[in-house]
$ cat query.pdb   # PDB, C-alpha atoms
ATOM      1  CA  MET A   1      66.150 114.138  29.019
ATOM      2  CA  TRP A   2      68.651 113.737  31.836
ATOM      3  CA  VAL A   3      71.313 111.084  31.232
ATOM      4  CA  GLU A   4      73.060 109.530  34.196
ATOM      5  CA  PRO A   5      76.814 110.162  33.750
ATOM      6  CA  VAL A   6      77.890 107.772  36.500
ATOM      7  CA  ALA A   7      76.154 105.457  38.940
ATOM      8  CA  VAL A   8      74.981 107.200  42.088
ATOM      9  CA  GLN A   9      77.443 106.281  44.835
ATOM     10  CA  ARG A  10      77.664 109.211  47.274
ATOM     11  CA  VAL A  11      74.299 110.119  48.776
ATOM     12  CA  THR A  12      73.443 112.707  51.417
ATOM     13  CA  VAL A  13      70.335 112.319  53.564
ATOM     14  CA  MET A  14      69.194 115.615  55.077
ATOM     15  CA  GLY A  15      67.247 114.701  58.198
ATOM     16  CA  ALA A  16      68.007 112.110  60.873
ATOM     17  CA  GLY A  17      64.518 111.252  62.081
ATOM     18  CA  SER A  18      63.159 107.712  61.928
ATOM     19  CA  TRP A  19      62.551 107.570  58.178
ATOM     20  CA  GLY A  20      65.649 109.536  57.207
ATOM     21  CA  THR A  21      67.830 107.237  59.320
ATOM     22  CA  ALA A  22      66.138 104.098  58.003
ATOM     23  CA  PHE A  23      66.534 105.316  54.415
ATOM     24  CA  ALA A  24      70.227 106.008  55.041
ATOM     25  CA  LYS A  25      70.547 102.397  56.158
ATOM     26  CA  VAL A  26      68.753 101.193  53.010
ATOM     27  CA  LEU A  27      71.237 103.094  50.875
ATOM     28  CA  ALA A  28      74.241 101.825  52.836
ATOM     29  CA  ASP A  29      72.984  98.236  52.651
ATOM     30  CA  ALA A  30      72.746  98.751  48.876
ATOM     31  CA  GLY A  31      76.459  99.607  48.843
ATOM     32  CA  ARG A  32      76.258 103.408  48.769
ATOM     33  CA  ASP A  33      78.397 105.811  50.781
ATOM     34  CA  VAL A  34      75.976 107.828  52.896
ATOM     35  CA  THR A  35      76.272 111.077  54.815
ATOM     36  CA  LEU A  36      73.416 111.676  57.252
ATOM     37  CA  TRP A  37      72.793 115.266  58.312
ATOM     38  CA  ALA A  38      71.306 115.696  61.791
ATOM     39  CA  ARG A  39      70.017 118.979  63.143
ATOM     40  CA  ARG A  40      71.183 118.058  66.661
ATOM     41  CA  THR A  41      74.884 117.555  67.244
ATOM     42  CA  GLU A  42      74.328 114.762  69.762
ATOM     43  CA  ILE A  43      72.503 112.637  67.191
ATOM     44  CA  ALA A  44      75.282 113.133  64.643
ATOM     45  CA  GLU A  45      77.820 112.106  67.271
ATOM     46  CA  ALA A  46      75.825 108.998  68.223
ATOM     47  CA  VAL A  47      75.589 107.900  64.586
ATOM     48  CA  ARG A  48      79.253 108.643  63.961
ATOM     49  CA  ASP A  49      80.687 107.162  67.154
ATOM     50  CA  ARG A  50      78.244 104.388  68.078
ATOM     51  CA  HIS A  51      76.545 103.594  64.733
ATOM     52  CA  ALA A  52      73.168 104.214  66.327
ATOM     53  CA  ASN A  53      70.380 106.780  66.498
ATOM     54  CA  PRO A  54      69.005 106.124  69.994
ATOM     55  CA  ASP A  55      66.439 108.933  69.861
ATOM     56  CA  TYR A  56      64.603 107.614  66.791
ATOM     57  CA  LEU A  57      65.636 104.004  66.107
ATOM     58  CA  PRO A  58      66.947 102.548  69.370
ATOM     59  CA  ASP A  59      68.565  99.094  69.135
ATOM     60  CA  VAL A  60      69.151  99.398  65.374
ATOM     61  CA  GLU A  61      72.806  99.146  64.372
ATOM     62  CA  LEU A  62      73.721 101.371  61.441
ATOM     63  CA  PRO A  63      76.255 100.239  58.814
ATOM     64  CA  ASP A  64      79.796 101.614  58.723
ATOM     65  CA  ARG A  65      78.957 103.243  55.384
ATOM     66  CA  VAL A  66      76.643 105.707  57.185
ATOM     67  CA  HIS A  67      78.561 108.781  58.329
ATOM     68  CA  ALA A  68      76.947 111.724  60.109
ATOM     69  CA  THR A  69      77.423 115.435  60.639
ATOM     70  CA  SER A  70      75.441 118.417  61.887
ATOM     71  CA  ASP A  71      77.175 120.708  59.349
ATOM     72  CA  ALA A  72      74.865 121.067  56.339
ATOM     73  CA  ARG A  73      77.540 122.428  54.005
ATOM     74  CA  SER A  74      79.878 119.561  54.786
ATOM     75  CA  ALA A  75      77.076 117.031  54.377
ATOM     76  CA  LEU A  76      76.103 118.297  50.921
ATOM     77  CA  ASP A  77      79.627 118.682  49.556
ATOM     78  CA  GLY A  78      80.257 116.171  46.760
ATOM     79  CA  ALA A  79      76.855 114.455  46.970
ATOM     80  CA  GLN A  80      75.627 112.720  43.811
ATOM     81  CA  ALA A  81      72.061 112.646  45.139
ATOM     82  CA  VAL A  82      70.391 114.553  47.980
ATOM     83  CA  VAL A  83      67.566 113.003  49.997
ATOM     84  CA  LEU A  84      65.253 115.470  51.767
ATOM     85  CA  ALA A  85      63.997 113.759  54.918
ATOM     86  CA  VAL A  86      62.469 116.561  56.971
ATOM     87  CA  PRO A  87      58.767 116.991  57.884
ATOM     88  CA  SER A  88      56.542 118.338  55.139
ATOM     89  CA  GLN A  89      55.626 121.601  56.853
ATOM     90  CA  SER A  90      59.281 122.489  57.517
ATOM     91  CA  LEU A  91      60.592 121.485  54.086
ATOM     92  CA  ARG A  92      60.379 125.013  52.681
ATOM     93  CA  SER A  93      62.312 126.679  55.519
ATOM     94  CA  ASN A  94      64.992 123.980  55.596
ATOM     95  CA  LEU A  95      65.452 123.926  51.833
ATOM     96  CA  THR A  96      65.672 127.716  51.753
ATOM     97  CA  ALA A  97      68.620 127.487  54.152
ATOM     98  CA  TRP A  98      70.300 124.767  52.070
ATOM     99  CA  ARG A  99      69.599 126.098  48.565
ATOM    100  CA  SER A 100      72.970 127.734  47.957
ATOM    101  CA  MET A 101      74.780 124.583  49.124
ATOM    102  CA  LEU A 102      72.995 122.073  46.876
ATOM    103  CA  PRO A 103      75.276 120.409  44.314
ATOM    104  CA  ALA A 104      74.390 121.275  40.723
ATOM    105  CA  ASP A 105      72.334 118.901  38.591
ATOM    106  CA  VAL A 106      71.976 116.097  41.150
ATOM    107  CA  PRO A 107      68.664 114.353  41.876
ATOM    108  CA  LEU A 108      66.673 115.754  44.808
ATOM    109  CA  VAL A 109      64.782 112.929  46.501
ATOM    110  CA  SER A 110      61.727 113.719  48.614
ATOM    111  CA  LEU A 111      60.711 111.503  51.540
ATOM    112  CA  ALA A 112      58.190 114.024  52.913
ATOM    113  CA  LYS A 113      54.478 113.223  52.624
ATOM    114  CA  GLY A 114      52.115 116.158  52.893
ATOM    115  CA  VAL A 115      50.485 119.197  51.308
ATOM    116  CA  GLU A 116      51.943 122.528  52.374
ATOM    117  CA  LEU A 117      49.730 124.739  54.487
ATOM    118  CA  GLY A 118      48.867 128.045  52.837
ATOM    119  CA  THR A 119      50.243 127.336  49.362
ATOM    120  CA  LEU A 120      48.513 123.912  49.056
ATOM    121  CA  LYS A 121      51.570 122.694  47.149
ATOM    122  CA  ARG A 122      52.778 119.121  47.008
ATOM    123  CA  MET A 123      56.305 118.484  48.255
ATOM    124  CA  SER A 124      57.818 118.210  44.774
ATOM    125  CA  GLU A 125      56.288 121.593  43.962
ATOM    126  CA  VAL A 126      57.827 123.093  47.098
ATOM    127  CA  ILE A 127      61.203 121.687  46.051
ATOM    128  CA  THR A 128      61.071 123.065  42.503
ATOM    129  CA  ASP A 129      59.867 126.401  43.855
ATOM    130  CA  VAL A 130      62.516 126.833  46.542
ATOM    131  CA  ALA A 131      65.485 125.097  44.915
ATOM    132  CA  ARG A 132      64.660 126.670  41.532
ATOM    133  CA  VAL A 133      65.079 123.397  39.670
ATOM    134  CA  HIS A 134      63.108 121.700  36.912
ATOM    135  CA  ALA A 135      60.562 119.071  37.970
ATOM    136  CA  ASP A 136      62.539 116.305  36.265
ATOM    137  CA  ARG A 137      65.250 116.613  38.935
ATOM    138  CA  VAL A 138      62.858 115.643  41.740
ATOM    139  CA  VAL A 139      62.272 112.011  42.706
ATOM    140  CA  VAL A 140      59.449 111.202  45.117
ATOM    141  CA  VAL A 141      59.603 108.125  47.352
ATOM    142  CA  ALA A 142      56.173 106.700  48.133
ATOM    143  CA  GLY A 143      54.596 103.501  49.414
ATOM    144  CA  PRO A 144      54.464 101.668  52.759
ATOM    145  CA  SER A 145      57.450 102.904  54.753
ATOM    146  CA  LEU A 146      57.210 102.098  58.461
ATOM    147  CA  ALA A 147      60.709 103.129  59.427
ATOM    148  CA  ARG A 148      61.404 100.579  62.145
ATOM    149  CA  GLU A 149      60.430  97.610  59.991
ATOM    150  CA  ILE A 150      62.642  98.803  57.155
ATOM    151  CA  ALA A 151      65.513  99.536  59.545
ATOM    152  CA  GLU A 152      65.179  95.960  60.798
ATOM    153  CA  ALA A 153      65.591  94.751  57.201
ATOM    154  CA  GLN A 154      62.071  93.355  56.943
ATOM    155  CA  PRO A 155      61.060  92.894  53.279
ATOM    156  CA  ALA A 156      59.410  95.995  51.820
ATOM    157  CA  ALA A 157      58.729  97.704  48.513
ATOM    158  CA  ALA A 158      58.395 101.344  47.522
ATOM    159  CA  VAL A 159      57.775 103.532  44.485
ATOM    160  CA  PHE A 160      60.289 106.029  43.100
ATOM    161  CA  ALA A 161      58.349 108.537  41.006
ATOM    162  CA  CYS A 162      59.843 111.106  38.648
ATOM    163  CA  THR A 163      58.715 112.767  35.440
ATOM    164  CA  ASP A 164      62.087 111.652  34.032
ATOM    165  CA  HIS A 165      61.860 107.866  34.187
ATOM    166  CA  GLU A 166      65.591 107.362  33.670
ATOM    167  CA  ARG A 167      66.314 109.425  36.758
ATOM    168  CA  ALA A 168      63.874 107.293  38.745
ATOM    169  CA  VAL A 169      65.667 104.197  37.474
ATOM    170  CA  SER A 170      69.000 105.665  38.596
ATOM    171  CA  LEU A 171      67.738 105.994  42.169
ATOM    172  CA  GLN A 172      66.028 102.623  41.973
ATOM    173  CA  ARG A 173      69.403 101.041  41.260
ATOM    174  CA  ALA A 174      71.065 102.986  44.047
ATOM    175  CA  CYS A 175      68.568 101.788  46.683
ATOM    176  CA  SER A 176      67.842  98.177  45.725
ATOM    177  CA  ASN A 177      69.068  95.647  48.243
ATOM    178  CA  ARG A 178      68.174  92.225  49.629
ATOM    179  CA  TYR A 179      65.153  93.494  51.601
ATOM    180  CA  PHE A 180      64.125  96.746  49.883
ATOM    181  CA  ARG A 181      62.594  96.579  46.403
ATOM    182  CA  PRO A 182      61.863  99.901  44.658
ATOM    183  CA  TYR A 183      59.554 100.193  41.659
ATOM    184  CA  THR A 184      59.413 103.195  39.326
ATOM    185  CA  ASN A 185      56.532 105.403  38.233
ATOM    186  CA  THR A 186      56.149 108.670  36.348
ATOM    187  CA  ASP A 187      52.930 109.737  38.117
ATOM    188  CA  VAL A 188      54.502 112.074  40.660
ATOM    189  CA  ARG A 189      51.204 113.813  41.366
ATOM    190  CA  GLY A 190      49.366 110.595  42.216
ATOM    191  CA  CYS A 191      52.174 109.171  44.330
ATOM    192  CA  GLU A 192      52.405 112.353  46.379
ATOM    193  CA  LEU A 193      48.656 112.633  46.914
ATOM    194  CA  GLY A 194      48.492 109.021  48.062
ATOM    195  CA  GLY A 195      51.286 109.607  50.556
ATOM    196  CA  ALA A 196      49.849 112.832  51.924
ATOM    197  CA  CYS A 197      46.220 111.757  52.210
ATOM    198  CA  LYS A 198      46.874 108.366  53.813
ATOM    199  CA  ASN A 199      48.119 110.114  56.965
ATOM    200  CA  VAL A 200      44.689 111.696  57.403
ATOM    201  CA  ILE A 201      42.860 108.410  56.830
ATOM    202  CA  ALA A 202      45.210 106.736  59.325
ATOM    203  CA  LEU A 203      44.163 109.285  61.941
ATOM    204  CA  SER A 204      40.540 108.283  61.362
ATOM    205  CA  CYS A 205      41.410 104.592  61.716
ATOM    206  CA  GLY A 206      43.213 105.341  64.966
ATOM    207  CA  MET A 207      40.178 107.240  66.251
ATOM    208  CA  ALA A 208      37.993 104.256  65.399
ATOM    209  CA  ALA A 209      40.313 101.940  67.301
ATOM    210  CA  GLY A 210      40.313 104.329  70.254
ATOM    211  CA  LEU A 211      36.516 104.193  70.266
ATOM    212  CA  GLY A 212      36.713 100.397  70.451
ATOM    213  CA  PHE A 213      35.649  99.679  66.870
ATOM    214  CA  GLY A 214      37.136  96.703  65.026
ATOM    215  CA  ASP A 215      38.261  95.406  61.657
ATOM    216  CA  ASN A 216      35.053  96.082  59.736
ATOM    217  CA  THR A 217      35.258  99.749  60.662
ATOM    218  CA  ARG A 218      38.928  99.969  59.729
ATOM    219  CA  ALA A 219      38.308  98.253  56.380
ATOM    220  CA  THR A 220      35.448 100.655  55.700
ATOM    221  CA  LEU A 221      37.590 103.696  56.467
ATOM    222  CA  ILE A 222      40.470 102.406  54.329
ATOM    223  CA  THR A 223      38.310 101.705  51.289
ATOM    224  CA  ARG A 224      36.173 104.833  51.564
ATOM    225  CA  GLY A 225      39.331 106.805  52.295
ATOM    226  CA  LEU A 226      40.850 105.397  49.116
ATOM    227  CA  ALA A 227      37.723 106.490  47.244
ATOM    228  CA  GLU A 228      38.066 110.101  48.331
ATOM    229  CA  ILE A 229      41.805 110.135  47.678
ATOM    230  CA  SER A 230      41.120 108.793  44.180
ATOM    231  CA  ARG A 231      38.496 111.495  43.571
ATOM    232  CA  LEU A 232      41.014 114.196  44.473
ATOM    233  CA  GLY A 233      43.697 112.577  42.352
ATOM    234  CA  SER A 234      41.403 112.266  39.363
ATOM    235  CA  LYS A 235      40.499 115.940  39.613
ATOM    236  CA  LEU A 236      44.190 116.849  39.630
ATOM    237  CA  GLY A 237      45.048 114.613  36.670
ATOM    238  CA  ALA A 238      46.690 111.698  38.476
ATOM    239  CA  ASP A 239      46.702 108.191  37.006
ATOM    240  CA  PRO A 240      43.895 106.191  38.711
ATOM    241  CA  LEU A 241      46.087 103.059  38.678
ATOM    242  CA  THR A 242      48.519 104.744  41.064
ATOM    243  CA  PHE A 243      45.990 104.538  43.883
ATOM    244  CA  SER A 244      45.688 100.766  43.450
ATOM    245  CA  GLY A 245      49.430 100.373  43.917
ATOM    246  CA  LEU A 246      52.041 100.806  46.606
ATOM    247  CA  ALA A 247      51.698 104.594  46.794
ATOM    248  CA  GLY A 248      47.948 104.327  47.293
ATOM    249  CA  LEU A 249      46.455 101.172  48.757
ATOM    250  CA  GLY A 250      49.801  99.812  49.947
ATOM    251  CA  ASP A 251      50.648 102.860  52.017
ATOM    252  CA  LEU A 252      47.066 103.106  53.307
ATOM    253  CA  ILE A 253      47.019  99.523  54.609
ATOM    254  CA  ALA A 254      50.327  99.870  56.446
ATOM    255  CA  THR A 255      49.687 103.299  57.942
ATOM    256  CA  CYS A 256      46.092 102.585  58.928
ATOM    257  CA  SER A 257      46.806  99.187  60.495
ATOM    258  CA  SER A 258      50.209  99.185  62.157
ATOM    259  CA  PRO A 259      50.856 100.098  65.795
ATOM    260  CA  LEU A 260      54.115 101.586  64.485
ATOM    261  CA  SER A 261      52.155 104.254  62.579
ATOM    262  CA  ARG A 262      52.506 107.642  64.268
ATOM    263  CA  ASN A 263      49.307 108.936  62.669
ATOM    264  CA  ARG A 264      47.272 105.906  63.688
ATOM    265  CA  GLY A 265      48.679 106.059  67.225
ATOM    266  CA  PHE A 266      47.845 109.749  67.478
ATOM    267  CA  GLY A 267      44.316 109.000  66.337
ATOM    268  CA  VAL A 268      43.923 106.255  68.939
ATOM    269  CA  ARG A 269      44.569 108.787  71.695
ATOM    270  CA  LEU A 270      42.051 111.207  70.221
ATOM    271  CA  GLY A 271      39.508 108.395  70.012
ATOM    272  CA  ARG A 272      40.027 107.640  73.691
ATOM    273  CA  GLY A 273      39.095 111.203  74.527
ATOM    274  CA  GLU A 274      42.493 112.857  74.840
ATOM    275  CA  SER A 275      42.905 116.397  73.590
ATOM    276  CA  LEU A 276      45.242 117.330  70.758
ATOM    277  CA  ALA A 277      47.676 118.730  73.342
ATOM    278  CA  GLN A 278      47.577 115.526  75.408
ATOM    279  CA  ALA A 279      48.126 113.351  72.346
ATOM    280  CA  GLN A 280      51.051 115.550  71.320
ATOM    281  CA  GLU A 281      52.587 115.339  74.792
ATOM    282  CA  ALA A 282      52.313 111.541  74.686
ATOM    283  CA  ALA A 283      54.101 111.614  71.326
ATOM    284  CA  HIS A 284      57.073 113.435  72.918
ATOM    285  CA  GLY A 285      55.944 116.786  71.571
ATOM    286  CA  GLN A 286      55.593 115.627  67.965
ATOM    287  CA  VAL A 287      52.411 116.275  66.004
ATOM    288  CA  ALA A 288      51.423 113.604  63.493
ATOM    289  CA  GLU A 289      51.721 114.802  59.885
ATOM    290  CA  GLY A 290      48.030 114.199  59.249
ATOM    291  CA  VAL A 291      46.998 116.701  61.911
ATOM    292  CA  LYS A 292      48.424 119.504  59.792
ATOM    293  CA  SER A 293      47.873 117.992  56.364
ATOM    294  CA  CYS A 294      44.146 117.459  56.947
ATOM    295  CA  VAL A 295      43.702 121.236  56.791
ATOM    296  CA  SER A 296      45.620 121.780  53.553
ATOM    297  CA  ILE A 297      44.138 118.698  51.871
ATOM    298  CA  TRP A 298      40.599 119.748  52.807
ATOM    299  CA  GLU A 299      41.260 123.270  51.526
ATOM    300  CA  LEU A 300      42.592 121.872  48.255
ATOM    301  CA  ALA A 301      39.586 119.562  47.881
ATOM    302  CA  SER A 302      37.166 122.388  48.693
ATOM    303  CA  ARG A 303      38.788 124.630  46.099
ATOM    304  CA  LEU A 304      38.352 121.912  43.492
ATOM    305  CA  GLY A 305      34.843 120.886  44.549
ATOM    306  CA  VAL A 306      35.906 117.363  45.602
ATOM    307  CA  ASP A 307      33.917 115.590  48.331
ATOM    308  CA  MET A 308      36.259 114.257  51.077
ATOM    309  CA  PRO A 309      34.056 113.582  54.119
ATOM    310  CA  ILE A 310      36.572 111.557  56.140
ATOM    311  CA  THR A 311      39.242 114.208  55.655
ATOM    312  CA  ASP A 312      36.777 116.911  56.643
ATOM    313  CA  GLY A 313      35.767 114.954  59.745
ATOM    314  CA  VAL A 314      39.384 114.506  60.834
ATOM    315  CA  ARG A 315      39.995 118.218  60.308
ATOM    316  CA  ARG A 316      37.028 119.142  62.472
ATOM    317  CA  VAL A 317      38.074 116.734  65.236
ATOM    318  CA  CYS A 318      41.618 118.093  65.261
ATOM    319  CA  HIS A 319      40.833 121.783  64.890
ATOM    320  CA  GLU A 320      37.171 122.558  65.550
ATOM    321  CA  GLY A 321      36.234 120.531  68.628
ATOM    322  CA  LEU A 322      34.170 117.774  66.980
ATOM    323  CA  SER A 323      34.430 114.536  68.955
ATOM    324  CA  PRO A 324      35.463 111.295  67.191
ATOM    325  CA  ARG A 325      32.138 109.725  68.162
ATOM    326  CA  GLU A 326      30.261 112.644  66.610
ATOM    327  CA  MET A 327      32.390 112.289  63.489
ATOM    328  CA  ALA A 328      31.442 108.601  63.233
ATOM    329  CA  ALA A 329      27.755 109.418  63.594
ATOM    330  CA  GLU A 330      27.961 112.102  60.916
ATOM    331  CA  LEU A 331      29.698 109.803  58.443
ATOM    332  CA  LEU A 332      27.161 107.036  58.994
ATOM    333  CA  GLY A 333      24.296 109.507  58.695
ATOM    334  CA  ARG A 334      25.324 110.902  55.316
ATOM    335  CA  GLN A 335      22.883 110.631  52.416
ATOM    336  CA  ARG A 336      22.829 107.125  50.950
ATOM    337  CA  LYS A 337      24.253 106.774  47.428
ATOM    338  CA  HIS A 338      25.785 104.412  44.880
ATOM    339  CA  GLU A 339      29.259 103.181  45.881
ATOM    340  CA  TRP A 340      30.966 104.784  42.890
ATOM    341  CA  ASP A 341      29.191 108.150  42.945
TER     342      ASP A 341
END
$ encode --input "query.pdb" --output "structure tokens"
Amino acid sequence: MWVEPVAVQRVTVMGAGSWGTAFAKVLADAGRDVTLWARRTEIAEAVRDRHANPDYLPDVELPDRVHATSDARSALDGAQAVVLAVPSQSLRSNLTAWRSMLPADVPLVSLAKGVELGTLKRMSEVITDVARVHADRVVVVAGPSLAREIAEAQPAAAVFACTDHERAVSLQRACSNRYFRPYTNTDVRGCELGGACKNVIALSCGMAAGLGFGDNTRATLITRGLAEISRLGSKLGADPLTFSGLAGLGDLIATCSSPLSRNRGFGVRLGRGESLAQAQEAAHGQVAEGVKSCVSIWELASRLGVDMPITDGVRRVCHEGLSPREMAAELLGRQRKHEWD
């Protein structure tokens, strides 16, 4: 069992996108000294000189406690916790580059939500694999996390999951502030599956909105999406209660409903008839996480014999030319059954 020698004070956040920047602000507002690593020098300079990240969170003022650099070695030097805030499908390549620089025995905190293409590994599994660390060093952050709302200090809650509960508590203390309330959990598997799968369900909700469908349709997709996520989680040994909490239902509601959700917004464009390339261009070249994760999640479910029809439909819309309207017709035309079968 890991025992915290001192309170976590110096934290490095590796990744200066929307969520990484917002999480750096959470930490700083909790009284921590934060170093934010940015891949692009101009973002590091903007954070350092103007206390702002205009590319990802325009009009949000960052605290003085947030410092920034584009030098990974400098960013990681002396950190008491390292937050990994890069996209799920690039986590392996980034962490491979940083592995030799990681401080020994510090918590590695994952903000990424996805299942890796090819290996079908969850993000905590990628971290233990690449960083060559035991699973009890990895803390997963899950739950509703719309970056702009959190950066604006709107009240929010999250789950910090780790197989070592005391380590989760350590990070919980480091991040708690007047607007951000973390809870702890030991069900890493369930928290990660909830975070990864909700992006795919959010794409379906966006498609429904793009087709002009309303609240009944969205509620149906959220609840039936939760059912298929729970089936996958149960097959993999997750705690069913996790999917009723912040990492499951909480994250689903936020991501499937908010106009701030990148996955939902991407789905809206697909529902309106735009191609994947057009939707990506409208999103400034960024592909929503669910577009990639739908493939790996469907492959994982297929390997385990788990029925995930919404996930499969999203995959076929994104990668096989199925139209959102055809997907809706197929889902409604499925064989009738008991709700809990």
$ resolve_selection --input "query.pdb" --expression "the PyMOL selection byres ((chain A and resi 235) around 10)" --output "ChimeraX atom specification"
/A:230-234,236-238,301,304-306
$ atom_distance --input "query.pdb" --atom1 "CA of Ala196 in chain A" --atom2 "CA of Arg336 in chain A"
27.6 Å
$ closest_residue --input "query.pdb" --among "A:Thr242, A:Ser275, A:Ser88, A:Thr12" --to "Ser323 in chain A" --atoms "all atoms listed in the file"
A:Ser275
$ residues_around --input "query.pdb" --residues "range 281-286 of chain A" --least-positions-apart "5" --cutoff "10 Å" --atoms "all atoms listed in the file" --output "number ranges by chain"
A: 262, 265-266, 269, 274-276
$ closest_residue --input "query.pdb" --among "A:Ala174, A:Arg325, A:Glu339, A:Ser145" --to "Thr223 in chain A" --atoms "all atoms listed in the file"
A:Glu339
$ resolve_selection --input "query.pdb" --expression "the PyMOL selection byres ((chain A and resi 167) around 12)" --output "number ranges by chain"
A: 1-8, 81, 105-109, 135-140, 160-166, 168-174, 184-186
$ atom_distance --input "query.pdb" --atom1 "CA of Glu116 in chain A" --atom2 "CA of Gly267 in chain A"
20.9 Å
$ residues_around --input "query.pdb" --residues "Leu203 in chain A" --least-positions-apart "3" --cutoff "6 Å" --atoms "only C-alpha atoms" --output "number ranges by chain"
A: 200, 206, 263-264, 267
$ write_last_selection --input "query.pdb" --atoms "C-alpha atoms" --output "PDB file, in the frame of the given file"
ATOM      1  CA  VAL A 200      44.689 111.696  57.403  1.00  0.00           C
ATOM      2  CA  GLY A 206      43.213 105.341  64.966  1.00  0.00           C
ATOM      3  CA  ASN A 263      49.307 108.936  62.669  1.00  0.00           C
ATOM      4  CA  ARG A 264      47.272 105.906  63.688  1.00  0.00           C
ATOM      5  CA  GLY A 267      44.316 109.000  66.337  1.00  0.00           C
TER       6      GLY A 267
END
$ closest_residue --input "query.pdb" --among "A:Val26, A:Ala46, A:Ile297, A:Ala288" --to "Pro309 in chain A" --atoms "all atoms listed in the file"
A:Ile297
$ closest_residue --input "query.pdb" --among "A:Ala147, A:Ala38, A:Ala30, A:Ala16" --to "Pro182 in chain A" --atoms "all atoms listed in the file"
A:Ala30
$ resolve_selection --input "query.pdb" --expression "the PyMOL selection byres ((chain A and resi 35-37) around 8)" --output "ChimeraX atom specification"
/A:10-16,21,24,33-34,38-39,44,66-72,75
$ residues_around --input "query.pdb" --residues "Leu102 in chain A" --least-positions-apart "5" --cutoff "9 Å" --atoms "all atoms listed in the file" --output "list of chain:residue names"
A:Arg73, A:Leu76, A:Asp77, A:Ala79, A:Val82, A:Ala131
$ atom_distance --input "query.pdb" --atom1 "CA of Ala97 in chain A" --atom2 "CA of Ala28 in chain A"
26.3 Å
$ residues_around --input "query.pdb" --residues "Gln89 in chain A" --least-positions-apart "2" --cutoff "8 Å" --atoms "all atoms listed in the file" --output "PDB file with C-alpha atoms, in the frame of the given file"
ATOM      1  CA  PRO A  87      58.767 116.991  57.884  1.00  0.00           C
ATOM      2  CA  LEU A  91      60.592 121.485  54.086  1.00  0.00           C
ATOM      3  CA  ARG A  92      60.379 125.013  52.681  1.00  0.00           C
ATOM      4  CA  GLY A 114      52.115 116.158  52.893  1.00  0.00           C
ATOM      5  CA  VAL A 115      50.485 119.197  51.308  1.00  0.00           C
ATOM      6  CA  GLU A 116      51.943 122.528  52.374  1.00  0.00           C
ATOM      7  CA  LEU A 117      49.730 124.739  54.487  1.00  0.00           C
TER       8      LEU A 117
END
$ decode --input "query.pdb" --residues "range 48-57 of chain A" --atoms "N, CA, C and O atoms" --output "PDB file, in the first residue's frame"
ATOM      1  N   ARG A  48       2.117  31.773 -20.021  1.00  0.00           N
ATOM      2  CA  ARG A  48       3.142  32.350 -19.144  1.00  0.00           C
ATOM      3  C   ARG A  48       3.063  33.878 -19.088  1.00  0.00           C
ATOM      4  O   ARG A  48       3.176  34.474 -18.010  1.00  0.00           O
ATOM      5  N   ASP A  49       2.863  34.505 -20.241  1.00  0.00           N
ATOM      6  CA  ASP A  49       2.952  35.965 -20.302  1.00  0.00           C
ATOM      7  C   ASP A  49       1.615  36.667 -20.111  1.00  0.00           C
ATOM      8  O   ASP A  49       1.566  37.784 -19.597  1.00  0.00           O
ATOM      9  N   ARG A  50       0.512  36.000 -20.555  1.00  0.00           N
ATOM     10  CA  ARG A  50      -0.784  36.682 -20.511  1.00  0.00           C
ATOM     11  C   ARG A  50      -1.807  35.945 -19.640  1.00  0.00           C
ATOM     12  O   ARG A  50      -2.967  36.368 -19.560  1.00  0.00           O
ATOM     13  N   HIS A  51      -1.391  34.846 -19.024  1.00  0.00           N
ATOM     14  CA  HIS A  51      -2.296  34.049 -18.169  1.00  0.00           C
ATOM     15  C   HIS A  51      -3.557  33.656 -18.928  1.00  0.00           C
ATOM     16  O   HIS A  51      -4.685  33.755 -18.416  1.00  0.00           O
ATOM     17  N   ALA A  52      -3.374  33.206 -20.152  1.00  0.00           N
ATOM     18  CA  ALA A  52      -4.511  32.843 -20.991  1.00  0.00           C
ATOM     19  C   ALA A  52      -4.092  31.768 -21.989  1.00  0.00           C
ATOM     20  O   ALA A  52      -2.917  31.659 -22.348  1.00  0.00           O
ATOM     21  N   ASN A  53      -5.072  30.984 -22.417  1.00  0.00           N
ATOM     22  CA  ASN A  53      -4.874  30.016 -23.495  1.00  0.00           C
ATOM     23  C   ASN A  53      -5.911  30.335 -24.571  1.00  0.00           C
ATOM     24  O   ASN A  53      -6.982  29.725 -24.632  1.00  0.00           O
ATOM     25  N   PRO A  54      -5.609  31.327 -25.417  1.00  0.00           N
ATOM     26  CA  PRO A  54      -6.617  31.815 -26.370  1.00  0.00           C
ATOM     27  C   PRO A  54      -7.062  30.784 -27.394  1.00  0.00           C
ATOM     28  O   PRO A  54      -8.163  30.889 -27.931  1.00  0.00           O
ATOM     29  N   ASP A  55      -6.251  29.785 -27.679  1.00  0.00           N
ATOM     30  CA  ASP A  55      -6.628  28.789 -28.681  1.00  0.00           C
ATOM     31  C   ASP A  55      -7.687  27.814 -28.169  1.00  0.00           C
ATOM     32  O   ASP A  55      -8.482  27.283 -28.958  1.00  0.00           O
ATOM     33  N   TYR A  56      -7.717  27.556 -26.864  1.00  0.00           N
ATOM     34  CA  TYR A  56      -8.614  26.536 -26.332  1.00  0.00           C
ATOM     35  C   TYR A  56      -9.634  27.068 -25.335  1.00  0.00           C
ATOM     36  O   TYR A  56     -10.763  26.563 -25.295  1.00  0.00           O
ATOM     37  N   LEU A  57      -9.264  28.048 -24.529  1.00  0.00           N
ATOM     38  CA  LEU A  57     -10.204  28.623 -23.561  1.00  0.00           C
ATOM     39  C   LEU A  57     -10.120  30.151 -23.613  1.00  0.00           C
ATOM     40  O   LEU A  57      -9.664  30.802 -22.658  1.00  0.00           O
TER      41      LEU A  57
END
